[in-house]
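Below: structure00.txt (compact mmCIF, C-alpha atoms)
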# COMPACT_ATOMS: atom_id res chain seq x y z
CA MET A 41 1.99 15.70 -19.04
CA ALA A 42 0.77 12.18 -18.41
CA ARG A 43 2.76 10.24 -15.86
CA THR A 44 3.50 6.54 -15.76
CA VAL A 45 2.15 5.02 -12.54
CA MET A 46 2.41 1.50 -11.12
CA VAL A 47 -0.01 0.37 -8.41
CA THR A 48 0.67 -3.00 -6.82
CA GLY A 49 -2.42 -4.72 -5.48
CA GLY A 50 -4.33 -2.44 -7.84
CA GLY A 51 -7.29 -4.67 -8.57
CA THR A 52 -9.28 -4.09 -5.38
CA GLY A 53 -9.67 -1.85 -2.34
CA LEU A 54 -7.23 0.97 -1.74
CA GLY A 55 -5.07 0.01 -4.71
CA LYS A 56 -7.99 0.29 -7.13
CA ALA A 57 -9.14 3.56 -5.56
CA ALA A 58 -5.65 5.01 -6.05
CA ALA A 59 -5.45 3.70 -9.62
CA LEU A 60 -8.78 5.37 -10.40
CA ARG A 61 -7.52 8.61 -8.84
CA PHE A 62 -4.42 8.60 -11.06
CA ALA A 63 -6.60 7.73 -14.06
CA ARG A 64 -8.67 10.86 -13.50
CA GLU A 65 -5.44 12.84 -13.91
CA GLY A 66 -5.04 11.25 -17.35
CA ASP A 67 -2.01 9.19 -16.30
CA ARG A 68 -0.87 5.88 -17.73
CA VAL A 69 -1.70 3.33 -15.06
CA ALA A 70 -0.33 -0.19 -14.62
CA ILE A 71 -1.78 -2.46 -11.95
CA CYS A 72 -0.74 -5.87 -10.71
CA GLY A 73 -2.22 -8.58 -8.55
CA ARG A 74 -2.65 -12.32 -8.37
CA ARG A 75 -6.13 -12.69 -9.92
CA THR A 76 -6.33 -11.93 -13.62
CA GLU A 77 -10.12 -11.67 -13.73
CA VAL A 78 -10.09 -9.07 -10.95
CA LEU A 79 -7.40 -7.06 -12.73
CA GLU A 80 -9.31 -7.16 -16.00
CA ALA A 81 -12.46 -5.84 -14.33
CA ALA A 82 -10.49 -3.08 -12.60
CA SER A 83 -8.72 -2.14 -15.82
CA ARG A 84 -12.05 -1.40 -17.50
CA GLU A 85 -12.98 0.97 -14.69
CA ILE A 86 -9.56 2.63 -14.84
CA ALA A 87 -9.82 3.15 -18.59
CA ALA A 88 -13.32 4.61 -18.21
CA ALA A 89 -12.01 7.02 -15.55
CA GLY A 90 -9.73 8.65 -18.12
CA ALA A 91 -6.37 6.90 -18.02
CA GLU A 92 -4.22 7.55 -21.08
CA GLY A 93 -3.28 3.88 -21.01
CA VAL A 94 -3.87 0.85 -18.81
CA ALA A 95 -1.71 -2.24 -18.36
CA ILE A 96 -2.34 -5.25 -16.13
CA PHE A 97 0.16 -7.79 -14.82
CA THR A 98 -0.68 -11.00 -13.04
CA CYS A 99 2.20 -10.98 -10.59
CA ASP A 100 2.88 -12.22 -7.08
CA VAL A 101 5.17 -9.63 -5.51
CA ARG A 102 6.67 -12.28 -3.20
CA TYR A 103 8.79 -13.49 -6.12
CA ASP A 104 11.58 -11.14 -7.14
CA ASP A 105 12.01 -12.71 -10.58
CA ASP A 106 8.35 -12.06 -11.41
CA VAL A 107 8.62 -8.48 -10.18
CA ALA A 108 11.76 -7.93 -12.27
CA LYS A 109 9.98 -9.23 -15.39
CA MET A 110 7.04 -6.95 -14.71
CA ALA A 111 9.30 -3.93 -14.26
CA ALA A 112 11.06 -4.73 -17.53
CA ALA A 113 7.72 -5.02 -19.35
CA VAL A 114 6.46 -1.69 -18.01
CA HIS A 115 9.74 -0.03 -18.94
CA GLU A 116 9.63 -1.46 -22.46
CA ARG A 117 6.08 -0.22 -22.96
CA TRP A 118 6.16 3.19 -21.31
CA GLY A 119 9.65 3.87 -19.98
CA ALA A 120 10.55 4.45 -16.34
CA LEU A 121 7.87 5.05 -13.75
CA ASP A 122 7.04 8.49 -12.48
CA VAL A 123 5.13 7.05 -9.51
CA LEU A 124 5.27 3.70 -7.73
CA LEU A 125 2.54 2.93 -5.21
CA ALA A 126 3.67 -0.15 -3.28
CA ASN A 127 0.31 -1.19 -1.92
CA ALA A 128 0.14 -5.01 -2.18
CA ALA A 129 -0.47 -6.54 1.23
CA GLY A 130 -1.96 -9.42 3.14
CA ASN A 131 -3.26 -9.64 6.68
CA PHE A 132 -5.45 -11.68 8.99
CA VAL A 133 -6.22 -11.74 12.70
CA CYS A 134 -4.36 -14.27 14.80
CA PRO A 135 -3.07 -14.02 18.37
CA ALA A 136 0.73 -14.24 18.41
CA GLU A 137 0.81 -17.53 20.30
CA LYS A 138 -1.35 -19.17 17.64
CA LEU A 139 0.48 -17.80 14.59
CA SER A 140 2.19 -20.50 12.54
CA PRO A 141 5.56 -20.03 10.84
CA ASN A 142 3.80 -20.23 7.47
CA GLY A 143 1.31 -17.55 8.51
CA TRP A 144 4.16 -15.31 9.65
CA LYS A 145 6.14 -15.84 6.45
CA ALA A 146 3.16 -15.28 4.16
CA VAL A 147 2.53 -11.76 5.44
CA ILE A 148 6.20 -10.80 5.76
CA GLU A 149 6.88 -11.99 2.22
CA ILE A 150 4.00 -10.05 0.66
CA VAL A 151 4.25 -6.85 2.67
CA LEU A 152 7.94 -6.36 3.41
CA ASN A 153 9.73 -8.47 0.81
CA GLY A 154 7.24 -7.54 -1.90
CA THR A 155 7.62 -3.84 -1.20
CA PHE A 156 11.40 -4.12 -1.35
CA PHE A 157 11.35 -6.16 -4.56
CA CYS A 158 9.12 -3.57 -6.26
CA CYS A 159 11.07 -0.57 -5.00
CA SER A 160 14.31 -2.23 -6.09
CA ALA A 161 13.19 -3.30 -9.57
CA PHE A 162 11.36 -0.11 -10.48
CA GLY A 163 13.70 2.15 -8.52
CA ARG A 164 16.74 1.13 -10.55
CA LYS A 165 14.97 2.20 -13.73
CA MET A 166 13.85 5.45 -12.12
CA ILE A 167 17.45 6.17 -11.16
CA GLU A 168 18.63 5.54 -14.72
CA ALA A 169 15.91 7.79 -16.11
CA HIS A 170 16.72 10.62 -13.70
CA ALA A 171 20.33 10.57 -14.85
CA ALA A 172 19.05 11.19 -18.37
CA ASP A 173 16.19 13.64 -17.83
CA GLY A 174 16.68 15.12 -14.33
CA ARG A 175 13.00 14.77 -13.47
CA GLY A 176 11.70 14.08 -10.00
CA ARG A 177 9.88 10.84 -9.27
CA SER A 178 7.96 9.40 -6.35
CA ILE A 179 7.52 6.22 -4.34
CA VAL A 180 4.58 5.91 -1.95
CA THR A 181 4.26 2.97 0.42
CA VAL A 182 1.34 1.93 2.61
CA VAL A 183 1.81 1.27 6.33
CA ALA A 184 -0.42 1.36 9.44
CA ASP A 185 -0.23 3.05 12.83
CA TYR A 186 0.93 -0.20 14.41
CA ALA A 187 4.16 0.20 12.42
CA TRP A 188 5.31 2.45 15.26
CA ALA A 189 2.96 1.31 18.01
CA ALA A 190 1.50 -2.15 18.60
CA GLY A 191 -0.74 -4.46 16.60
CA PRO A 192 -2.48 -6.92 18.90
CA GLY A 193 -3.69 -9.81 16.79
CA VAL A 194 -1.62 -8.82 13.76
CA ILE A 195 1.98 -9.22 14.93
CA HIS A 196 2.99 -10.39 11.44
CA SER A 197 1.55 -7.32 9.71
CA ALA A 198 2.81 -4.94 12.42
CA SER A 199 6.34 -6.28 12.03
CA ALA A 200 6.16 -6.11 8.23
CA LYS A 201 4.73 -2.58 8.19
CA ALA A 202 7.40 -1.39 10.62
CA GLY A 203 9.95 -2.71 8.14
CA VAL A 204 8.21 -0.92 5.28
CA LEU A 205 8.29 2.36 7.19
CA ALA A 206 12.02 1.98 7.84
CA LEU A 207 12.55 1.00 4.20
CA THR A 208 10.67 4.09 3.03
CA ARG A 209 12.63 6.49 5.19
CA THR A 210 15.92 4.89 4.22
CA LEU A 211 15.10 5.20 0.51
CA ALA A 212 14.12 8.84 1.08
CA VAL A 213 17.67 9.52 2.26
CA GLU A 214 19.54 7.25 -0.15
CA TRP A 215 17.63 8.12 -3.32
CA ALA A 216 17.11 11.85 -2.83
CA ARG A 217 20.22 12.42 -4.94
CA HIS A 218 18.45 10.57 -7.74
CA GLY A 219 15.41 12.84 -7.59
CA ILE A 220 13.24 10.17 -5.97
CA ARG A 221 11.02 11.08 -3.05
CA ALA A 222 9.79 8.26 -0.81
CA ASN A 223 6.83 8.72 1.53
CA ALA A 224 4.30 6.54 3.32
CA VAL A 225 0.59 6.82 4.02
CA SER A 226 -0.96 5.23 7.08
CA PRO A 227 -4.64 4.57 6.43
CA GLY A 228 -7.04 4.22 9.27
CA PRO A 229 -9.36 1.23 9.57
CA PHE A 230 -11.79 0.92 6.68
CA ARG A 231 -14.42 -1.65 5.81
CA SER A 232 -14.41 -3.75 2.68
CA GLU A 233 -15.17 -7.33 1.75
CA GLY A 234 -11.56 -8.22 2.51
CA THR A 235 -11.37 -6.50 5.90
CA ASP A 236 -14.69 -7.98 7.00
CA LYS A 237 -13.42 -11.43 6.09
CA ASN A 238 -9.91 -11.18 7.53
CA LEU A 239 -9.89 -8.44 10.19
CA TRP A 240 -13.24 -7.26 11.57
CA LEU A 241 -14.44 -10.75 12.24
CA ASP A 242 -17.68 -9.81 13.98
CA GLU A 243 -19.89 -6.74 14.29
CA THR A 244 -18.96 -6.24 17.95
CA LEU A 245 -15.31 -5.83 17.00
CA ALA A 246 -16.23 -3.58 14.07
CA ARG A 247 -18.18 -1.29 16.43
CA GLU A 248 -15.41 -1.23 19.03
CA ILE A 249 -12.91 -0.19 16.38
CA VAL A 250 -14.97 2.68 15.00
CA GLU A 251 -15.67 3.90 18.54
CA SER A 252 -11.90 4.22 19.08
CA ILE A 253 -11.51 6.66 16.17
CA PRO A 254 -11.82 10.32 17.26
CA LEU A 255 -13.81 11.21 14.13
CA ARG A 256 -16.07 8.21 14.80
CA ARG A 257 -16.12 6.78 11.31
CA TYR A 258 -14.07 4.50 9.13
CA THR A 259 -11.60 5.86 6.62
CA THR A 260 -12.60 5.44 2.98
CA PRO A 261 -10.26 4.20 0.25
CA ALA A 262 -11.11 7.26 -1.85
CA GLU A 263 -9.89 9.75 0.76
CA VAL A 264 -6.69 7.79 1.31
CA ALA A 265 -6.22 7.81 -2.46
CA GLU A 266 -6.40 11.62 -2.40
CA SER A 267 -3.51 11.72 0.08
CA ILE A 268 -1.52 9.29 -2.06
CA ALA A 269 -2.11 11.49 -5.09
CA PHE A 270 -0.92 14.53 -3.13
CA LEU A 271 2.30 12.87 -2.00
CA ALA A 272 2.99 11.66 -5.53
CA ASP A 273 2.52 15.10 -7.09
CA GLU A 274 5.85 16.85 -7.73
CA SER A 275 4.18 20.26 -8.02
CA LYS A 276 2.37 19.96 -4.67
CA ALA A 277 4.64 17.78 -2.54
CA GLY A 278 8.00 18.13 -4.25
CA TYR A 279 9.75 19.07 -0.99
CA ILE A 280 8.22 16.27 1.09
CA THR A 281 10.20 13.07 1.50
CA GLY A 282 10.61 10.54 4.29
CA ALA A 283 7.21 11.49 5.70
CA CYS A 284 4.44 9.23 6.98
CA LEU A 285 0.99 10.75 6.59
CA PRO A 286 -1.77 9.28 8.80
CA VAL A 287 -5.17 9.34 7.11
CA ASP A 288 -7.10 7.83 9.97
CA GLY A 289 -9.40 10.31 11.69
CA GLY A 290 -6.93 10.72 14.56
CA HIS A 291 -6.84 7.02 15.37
CA TRP A 292 -3.07 6.94 15.76
CA LEU A 293 -3.23 9.58 18.52
CA THR A 294 -5.39 7.57 20.89
CA GLY A 295 -3.31 4.46 21.51
CA SER A 296 -6.67 2.75 21.90
CA HIS A 297 -5.67 -0.14 19.65
CA LEU A 298 -4.44 -1.79 22.83
CA GLY A 299 -8.03 -1.92 23.97
CA PHE A 300 -8.87 -4.23 21.07
CA LEU A 301 -6.84 -7.10 22.48
CA ASP A 302 -9.71 -8.89 24.19
CA ALA A 303 -12.04 -8.31 21.24
CA ILE A 304 -9.45 -9.57 18.77
CA ALA A 305 -8.73 -12.64 20.86
CA ARG A 306 -12.46 -13.28 21.10
CA ALA A 307 -12.98 -12.88 17.37
CA ALA A 308 -10.03 -15.11 16.54
CA LYS A 309 -11.26 -18.10 18.56
CA PRO A 310 -12.18 -21.16 16.45
Do you think you could lay out the structure here as structure tokens?
Amino acid sequence: MARTVMVTGGGTGLGKAAALRFAREGDRVAICGRRTEVLEAASREIAAAGAEGVAIFTCDVRYDDDVAKMAAAVHERWGALDVLLANAAGNFVCPAEKLSPNGWKAVIEIVLNGTFFCCSAFGRKMIEAHAADGRGRSIVTVVADYAWAAGPGVIHSASAKAGVLALTRTLAVEWARHGIRANAVSPGPFRSEGTDKNLWLDETLAREIVESIPLRRYTTPAEVAESIAFLADESKAGYITGACLPVDGGHWLTGSHLGFLDAIARAAKP
């Protein structure tokens, strides 16, 4: 049976890879983001991959009213979600002493507030639907290993992701009685146009990062999407909730992110 899936930040990167993965299952896939032209291009790929239906929403998840309107529109079109992937994020490298209040707020508002607004708006409708049909549903969030460790150069994102991890585990406990499982994935570093622009600011830093990964390569969005699909699948992961699955080639085990501090400070210099 086709599921109804919402992917925030679904127009590019990991979000698009996950949307394509759900499309190959024949699901109905809704994506949102801030750039309509990007969403339209992604929607054509998602439809071609086999989605039963595709919907796009130009929405900034920092604004709860916009998220509520989007949730209402999805519900009116397809009913309650079966799967929410709260993926929308923002990040950039900046040493803590140079980070402005606006820079701090921008990342916190997208990553932490946006995740809460989406879980709240869609979760209420999932709860109502479960009371009627008794079916299990799933929320998957996206964090990073610095959610429980340290994120030199990305204190804003590390703080926000730590909040998302706590949010996910709390929802897993609170909403289990409503048939909703909540889990997180923690992708390892991967390269894209966005990461090269905002994170791996020079090739020296990019090499140092990959050398810190035990498997000695970057994660790919497609393999993270496979893990997201697994966690979202009631038949395969129906007894997993409150978990955080690292998909990072063992990066989280090394603690070597602390070794990036000098490289990050170097890359972040004007």
(Q) I'd like to know which of A:Val264, A:Ala57, A:Ala42, A:Val183 is closest to Ala126 in chain A, using all atoms listed in the file. (A)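 Going through A:Val264, A:Ala57, A:Ala42, A:Val183 one by one, the smallest distance to Ala126 in chain A is for A:Val183.
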For range 148-154 of chain A: contacts at 10 Å, all atoms listed in the file, fewer than 6 positions along chain excluded, given as an mmCIF file with C-alpha atoms, in the coordinates of the input:
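Saved the output as result15.cif:
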data_model
loop_
_atom_site.group_PDB
_atom_site.id
_atom_site.type_symbol
_atom_site.label_atom_id
_atom_site.label_comp_id
_atom_site.auth_asym_id
_atom_site.auth_seq_id
_atom_site.Cartn_x
_atom_site.Cartn_y
_atom_site.Cartn_z
ATOM 1 C CA THR A 48 0.670 -3.000 -6.820
ATOM 2 C CA ASP A 100 2.880 -12.220 -7.080
ATOM 3 C CA VAL A 101 5.170 -9.630 -5.510
ATOM 4 C CA ARG A 102 6.670 -12.280 -3.200
ATOM 5 C CA TYR A 103 8.790 -13.490 -6.120
ATOM 6 C CA ASP A 104 11.580 -11.140 -7.140
ATOM 7 C CA VAL A 107 8.620 -8.480 -10.180
ATOM 8 C CA ALA A 126 3.670 -0.150 -3.280
ATOM 9 C CA ASN A 127 0.310 -1.190 -1.920
ATOM 10 C CA ALA A 128 0.140 -5.010 -2.180
ATOM 11 C CA ALA A 129 -0.470 -6.540 1.230
ATOM 12 C CA GLY A 130 -1.960 -9.420 3.140
ATOM 13 C CA ASN A 131 -3.260 -9.640 6.680
ATOM 14 C CA ASN A 142 3.800 -20.230 7.470
ATOM 15 C CA SER A 160 14.310 -2.230 -6.090
ATOM 16 C CA VAL A 182 1.340 1.930 2.610
ATOM 17 C CA VAL A 183 1.810 1.270 6.330
ATOM 18 C CA HIS A 196 2.990 -10.390 11.440
ATOM 19 C CA SER A 197 1.550 -7.320 9.710
ATOM 20 C CA ALA A 198 2.810 -4.940 12.420
ATOM 21 C CA SER A 199 6.340 -6.280 12.030
ATOM 22 C CA ALA A 200 6.160 -6.110 8.230
ATOM 23 C CA LYS A 201 4.730 -2.580 8.190
ATOM 24 C CA ALA A 202 7.400 -1.390 10.620
ATOM 25 C CA GLY A 203 9.950 -2.710 8.140
ATOM 26 C CA VAL A 204 8.210 -0.920 5.280
ATOM 27 C CA LEU A 205 8.290 2.360 7.190
ATOM 28 C CA LEU A 207 12.550 1.000 4.200
#
Q | 12 Å contact set for Arg68 in chain A, all atoms listed in the file, chain neighbours under 5 positions out, as a PyMOL selection string | A | chain A and resi 41-47+59-63+83+86-87+89-96+114+117-124
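For the residues A:Ala216, A:Ala136, A:Ala265, A:Leu293, ranking by smallest atom-to-atom distance to Ile253 in chain A using only C-alpha atoms places A:Leu293 first.
Using all atoms listed in the file, the contacts of range 73-82 of chain A at a cut-off of 6 Å, with sequence neighbours closer than 6 positions omitted, comprise Gly49, Gly51, Thr98, Cys99 and Asp100 of chain A.
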(Q) Counting only C-alpha atoms, which residue out of A:Ala172, A:Val147, A:Leu245, A:Ala58 sits closest to Thr260 in chain A? (A)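 Of the candidates, the smallest distance to Thr260 in chain A is held by A:Ala58.
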Q: Would you mind reading off the distance between CA of Ile280 in chain A and CA of Thr210 in chain A, one decimal, in Å?
A: 14.1 Å
Q: For Gly53 in chain A, please output as a list in words all residues within 8 Å (counting all atoms listed in the file; exclusion window: fewer than 3 positions along the same chain).
A: Gly50, Lys56, Ala57, Ser232 and Pro261 of chain A
Q: Tell me, as a ChimeraX atom specification, which residues lie within 7 Å of Val194 in chain A, counting all atoms listed in the file; anything in the same chain fewer than 6 positions away does not count.
A: /A:132-134
